[in-house]
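So this one's my_file12.cif, mmCIF, C-alpha atoms; chains and numbers go by the auth columns:
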```cif
data_entry
#
loop_
_atom_site.group_PDB
_atom_site.id
_atom_site.type_symbol
_atom_site.label_atom_id
_atom_site.label_comp_id
_atom_site.label_asym_id
_atom_site.label_seq_id
_atom_site.Cartn_x
_atom_site.Cartn_y
_atom_site.Cartn_z
_atom_site.B_iso_or_equiv
_atom_site.auth_seq_id
_atom_site.auth_asym_id
ATOM 1 C CA MET A 1 0.000 0.000 0.000 0.00 1 M
ATOM 2 C CA SER A 2 1.430 3.389 -0.966 0.00 2 M
ATOM 3 C CA ARG A 3 1.670 6.185 1.543 0.00 3 M
ATOM 4 C CA THR A 4 -0.389 9.315 1.077 0.00 4 M
ATOM 5 C CA VAL A 5 0.378 12.921 1.944 0.00 5 M
ATOM 6 C CA PHE A 6 -1.566 16.145 1.908 0.00 6 M
ATOM 7 C CA CYS A 7 0.265 17.753 -0.994 0.00 7 M
ATOM 8 C CA GLN A 8 1.183 21.386 -0.354 0.00 8 M
ATOM 9 C CA LYS A 9 1.501 22.056 -4.100 0.00 9 M
ATOM 10 C CA LEU A 10 -1.812 20.557 -5.218 0.00 10 M
ATOM 11 C CA GLN A 11 -3.709 21.028 -1.936 0.00 11 M
ATOM 12 C CA LYS A 12 -5.181 17.533 -1.772 0.00 12 M
ATOM 13 C CA GLU A 13 -4.452 14.080 -0.421 0.00 13 M
ATOM 14 C CA LEU A 14 -2.391 12.113 -2.959 0.00 14 M
ATOM 15 C CA PRO A 15 0.128 9.261 -3.110 0.00 15 M
ATOM 16 C CA GLY A 16 3.460 10.388 -1.693 0.00 16 M
ATOM 17 C CA LEU A 17 7.030 9.703 -2.708 0.00 17 M
ATOM 18 C CA ASN A 18 8.451 6.274 -1.854 0.00 18 M
ATOM 19 C CA THR A 19 11.760 7.661 -0.593 0.00 19 M
ATOM 20 C CA PRO A 20 13.251 11.118 -0.054 0.00 20 M
ATOM 21 C CA THR A 21 14.402 12.487 -3.404 0.00 21 M
ATOM 22 C CA TYR A 22 16.579 15.356 -2.208 0.00 22 M
ATOM 23 C CA PRO A 23 19.078 15.595 0.661 0.00 23 M
ATOM 24 C CA GLY A 24 18.810 17.554 3.885 0.00 24 M
ATOM 25 C CA ASP A 25 15.942 19.327 5.560 0.00 25 M
ATOM 26 C CA LEU A 26 14.415 20.408 2.261 0.00 26 M
ATOM 27 C CA GLY A 27 14.423 16.804 1.066 0.00 27 M
ATOM 28 C CA GLN A 28 12.685 15.673 4.243 0.00 28 M
ATOM 29 C CA ARG A 29 10.086 18.424 3.862 0.00 29 M
ATOM 30 C CA ILE A 30 9.460 17.385 0.242 0.00 30 M
ATOM 31 C CA TYR A 31 9.104 13.744 1.300 0.00 31 M
ATOM 32 C CA GLN A 32 6.566 14.644 4.003 0.00 32 M
ATOM 33 C CA GLU A 33 4.541 17.318 2.193 0.00 33 M
ATOM 34 C CA ILE A 34 4.765 16.790 -1.584 0.00 34 M
ATOM 35 C CA SER A 35 2.962 14.173 -3.672 0.00 35 M
ATOM 36 C CA LEU A 36 4.475 12.008 -6.362 0.00 36 M
ATOM 37 C CA GLN A 37 2.359 13.881 -8.931 0.00 37 M
ATOM 38 C CA ALA A 38 3.717 17.292 -7.822 0.00 38 M
ATOM 39 C CA TRP A 39 7.276 15.916 -7.837 0.00 39 M
ATOM 40 C CA GLN A 40 6.806 14.741 -11.436 0.00 40 M
ATOM 41 C CA MET A 41 5.526 18.220 -12.315 0.00 41 M
ATOM 42 C CA TRP A 42 8.693 19.705 -10.800 0.00 42 M
ATOM 43 C CA LEU A 43 10.934 17.339 -12.769 0.00 43 M
ATOM 44 C CA GLN A 44 9.267 18.457 -16.011 0.00 44 M
ATOM 45 C CA HIS A 45 9.617 22.120 -15.052 0.00 45 M
ATOM 46 C CA GLN A 46 13.243 21.635 -14.016 0.00 46 M
ATOM 47 C CA THR A 47 14.013 19.959 -17.353 0.00 47 M
ATOM 48 C CA MET A 48 12.406 22.874 -19.177 0.00 48 M
ATOM 49 C CA LEU A 49 14.493 25.387 -17.161 0.00 49 M
ATOM 50 C CA ILE A 50 17.705 23.474 -17.838 0.00 50 M
ATOM 51 C CA ASN A 51 17.004 23.200 -21.564 0.00 51 M
ATOM 52 C CA GLU A 52 15.591 26.662 -22.242 0.00 52 M
ATOM 53 C CA LYS A 53 18.170 28.507 -20.142 0.00 53 M
ATOM 54 C CA ARG A 54 20.985 26.192 -21.291 0.00 54 M
ATOM 55 C CA LEU A 55 22.047 25.496 -17.717 0.00 55 M
ATOM 56 C CA SER A 56 24.952 23.259 -16.767 0.00 56 M
ATOM 57 C CA VAL A 57 24.033 21.173 -13.745 0.00 57 M
ATOM 58 C CA ILE A 58 27.688 20.590 -12.879 0.00 58 M
ATOM 59 C CA GLU A 59 27.985 24.264 -11.906 0.00 59 M
ATOM 60 C CA PRO A 60 27.406 24.961 -8.177 0.00 60 M
ATOM 61 C CA ASP A 61 25.529 28.199 -9.015 0.00 61 M
ATOM 62 C CA THR A 62 23.131 26.274 -11.260 0.00 62 M
ATOM 63 C CA ARG A 63 22.455 23.667 -8.578 0.00 63 M
ATOM 64 C CA ALA A 64 21.780 26.421 -6.020 0.00 64 M
ATOM 65 C CA TYR A 65 19.461 28.191 -8.488 0.00 65 M
ATOM 66 C CA LEU A 66 17.529 24.967 -9.197 0.00 66 M
ATOM 67 C CA ALA A 67 17.208 24.177 -5.472 0.00 67 M
ATOM 68 C CA GLY A 68 15.702 27.611 -4.868 0.00 68 M
ATOM 69 C CA GLU A 69 13.355 27.272 -7.815 0.00 69 M
ATOM 70 C CA MET A 70 12.323 23.800 -6.650 0.00 70 M
ATOM 71 C CA GLU A 71 11.351 25.122 -3.232 0.00 71 M
ATOM 72 C CA LYS A 72 9.350 27.997 -4.745 0.00 72 M
ATOM 73 C CA PHE A 73 7.681 25.684 -7.296 0.00 73 M
ATOM 74 C CA LEU A 74 6.666 23.054 -4.750 0.00 74 M
ATOM 75 C CA PHE A 75 5.750 25.213 -1.768 0.00 75 M
ATOM 76 C CA GLY A 76 4.428 28.365 -3.360 0.00 76 M
ATOM 77 C CA GLY A 77 6.237 31.380 -4.575 0.00 77 M
ATOM 78 C CA ASP A 78 7.032 33.239 -7.729 0.00 78 M
ATOM 79 C CA TYR A 79 9.125 30.581 -9.471 0.00 79 M
ATOM 80 C CA ASP A 80 11.072 31.277 -12.648 0.00 80 M
ATOM 81 C CA LYS A 81 9.700 30.459 -16.086 0.00 81 M
ATOM 82 C CA PRO A 82 11.641 30.624 -19.355 0.00 82 M
ATOM 83 C CA GLU A 83 11.286 33.902 -21.235 0.00 83 M
ATOM 84 C CA GLY A 84 8.288 33.794 -23.555 0.00 84 M
ATOM 85 C CA TYR A 85 6.789 30.782 -21.728 0.00 85 M
ATOM 86 C CA ILE A 86 3.051 30.391 -22.211 0.00 86 M
ATOM 87 C CA PRO A 87 1.448 27.748 -19.983 0.00 87 M
ATOM 88 C CA PRO A 88 -0.681 25.131 -21.756 0.00 88 M
ATOM 89 C CA GLU A 89 -4.429 25.641 -21.786 0.00 89 M
ATOM 90 C CA LYS A 90 -6.302 23.542 -19.244 0.00 90 M
ATOM 91 C CA SER A 91 -8.997 21.476 -20.866 0.00 91 M
#
```

As structure tokens, what does this structure read like?
Amino acid sequence: MSRTVFCQKLQKELPGLNTPTYPGDLGQRIYQEISLQAWQMWLQHQTMLINEKRLSVIEPDTRAYLAGEMEKFLFGGDYDKPEGYIPPEKS
């Protein structure tokens, strides 16, 4: 049986992550308060940021930037979007 969490991103009870996906206190907070669905949404957004901004994840500044964006994306905040980004229409 999968564990459920009240997802802070999506504001509903959903299946949670199986294991912590990020180190430290932030990783523990994500594990306890973010659903698998919201985590998948973050991974897609992160990939878009990396590709559109041509980021190099081996750079410490890039990793720090992505960690900050991840926290804003998952827990609320004005997270970064690529220039010219238009969100898809909800159907």

For the PyMOL selection byres ((chain M and resi 45-48) around 12), applied here, can you spell out every residue it catches as a PDB file with C-alpha atoms, in the coordinates of the input?
```
ATOM      1  CA  ALA M  38       3.717  17.292  -7.822  1.00  0.00           C
ATOM      2  CA  TRP M  39       7.276  15.916  -7.837  1.00  0.00           C
ATOM      3  CA  GLN M  40       6.806  14.741 -11.436  1.00  0.00           C
ATOM      4  CA  MET M  41       5.526  18.220 -12.315  1.00  0.00           C
ATOM      5  CA  TRP M  42       8.693  19.705 -10.800  1.00  0.00           C
ATOM      6  CA  LEU M  43      10.934  17.339 -12.769  1.00  0.00           C
ATOM      7  CA  GLN M  44       9.267  18.457 -16.011  1.00  0.00           C
ATOM      8  CA  LEU M  49      14.493  25.387 -17.161  1.00  0.00           C
ATOM      9  CA  ILE M  50      17.705  23.474 -17.838  1.00  0.00           C
ATOM     10  CA  ASN M  51      17.004  23.200 -21.564  1.00  0.00           C
ATOM     11  CA  GLU M  52      15.591  26.662 -22.242  1.00  0.00           C
ATOM     12  CA  LYS M  53      18.170  28.507 -20.142  1.00  0.00           C
ATOM     13  CA  ARG M  54      20.985  26.192 -21.291  1.00  0.00           C
ATOM     14  CA  LEU M  55      22.047  25.496 -17.717  1.00  0.00           C
ATOM     15  CA  SER M  56      24.952  23.259 -16.767  1.00  0.00           C
ATOM     16  CA  VAL M  57      24.033  21.173 -13.745  1.00  0.00           C
ATOM     17  CA  THR M  62      23.131  26.274 -11.260  1.00  0.00           C
ATOM     18  CA  ARG M  63      22.455  23.667  -8.578  1.00  0.00           C
ATOM     19  CA  TYR M  65      19.461  28.191  -8.488  1.00  0.00           C
ATOM     20  CA  LEU M  66      17.529  24.967  -9.197  1.00  0.00           C
ATOM     21  CA  ALA M  67      17.208  24.177  -5.472  1.00  0.00           C
ATOM     22  CA  GLY M  68      15.702  27.611  -4.868  1.00  0.00           C
ATOM     23  CA  GLU M  69      13.355  27.272  -7.815  1.00  0.00           C
ATOM     24  CA  MET M  70      12.323  23.800  -6.650  1.00  0.00           C
ATOM     25  CA  GLU M  71      11.351  25.122  -3.232  1.00  0.00           C
ATOM     26  CA  LYS M  72       9.350  27.997  -4.745  1.00  0.00           C
ATOM     27  CA  PHE M  73       7.681  25.684  -7.296  1.00  0.00           C
ATOM     28  CA  LEU M  74       6.666  23.054  -4.750  1.00  0.00           C
ATOM     29  CA  TYR M  79       9.125  30.581  -9.471  1.00  0.00           C
ATOM     30  CA  ASP M  80      11.072  31.277 -12.648  1.00  0.00           C
ATOM     31  CA  LYS M  81       9.700  30.459 -16.086  1.00  0.00           C
ATOM     32  CA  PRO M  82      11.641  30.624 -19.355  1.00  0.00           C
ATOM     33  CA  GLU M  83      11.286  33.902 -21.235  1.00  0.00           C
ATOM     34  CA  TYR M  85       6.789  30.782 -21.728  1.00  0.00           C
ATOM     35  CA  PRO M  87       1.448  27.748 -19.983  1.00  0.00           C
TER      36      PRO M  87
END
```

Rank M:Gly24, M:Asp61, M:Thr4, M:Phe75 by their smallest atom-to-atom distance to Leu36 in chain M, using all atoms listed in the file, and report the top residue only.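 Among the listed residues, M:Thr4 lies closest to Leu36 in chain M.
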
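We find CA of Gln37 in chain M and CA of Glu13 in chain M to be spaced 10.9 Å apart.
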
Enter the distance from CA of Val5 in chain M to CA of Tyr31 in chain M, in Å, rounded to one decimal. 8.8 Å

Could you list, as a PyMOL selection string, every residue within 6 Å of Ser35 in chain M, counting all atoms listed in the file and ignoring same-chain residues fewer than 4 positions away? chain M and resi 7+14-16

Centre and edge lengths, as AutoDock Vina command-line options, for the axis-aligned box enclosing every listed atom of range 38-47 of chain M with 6 Å of padding on each of the six sides, in Å to one decimal?
```
--center_x 8.9 --center_y 18.4 --center_z -12.6 --size_x 22.3 --size_y 19.4 --size_z 21.5
```

So the first atom is CA of Tyr22 in chain M and the second is CA of Ile34 in chain M; what is the distance between them in Å, to one decimal place? 11.9 Å

With only C-alpha atoms as the atoms that count, which of M:Ile58, M:Gly76, M:Leu17, M:Ala64 lies nearest to Arg3 in chain M? M:Leu17

Using all atoms listed in the file, which residue out of M:Ser2, M:Arg29, M:Lys9, M:Pro60 lies closest to Gly77 in chain M?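 The answer is M:Lys9, which sits nearest to Gly77 in chain M.
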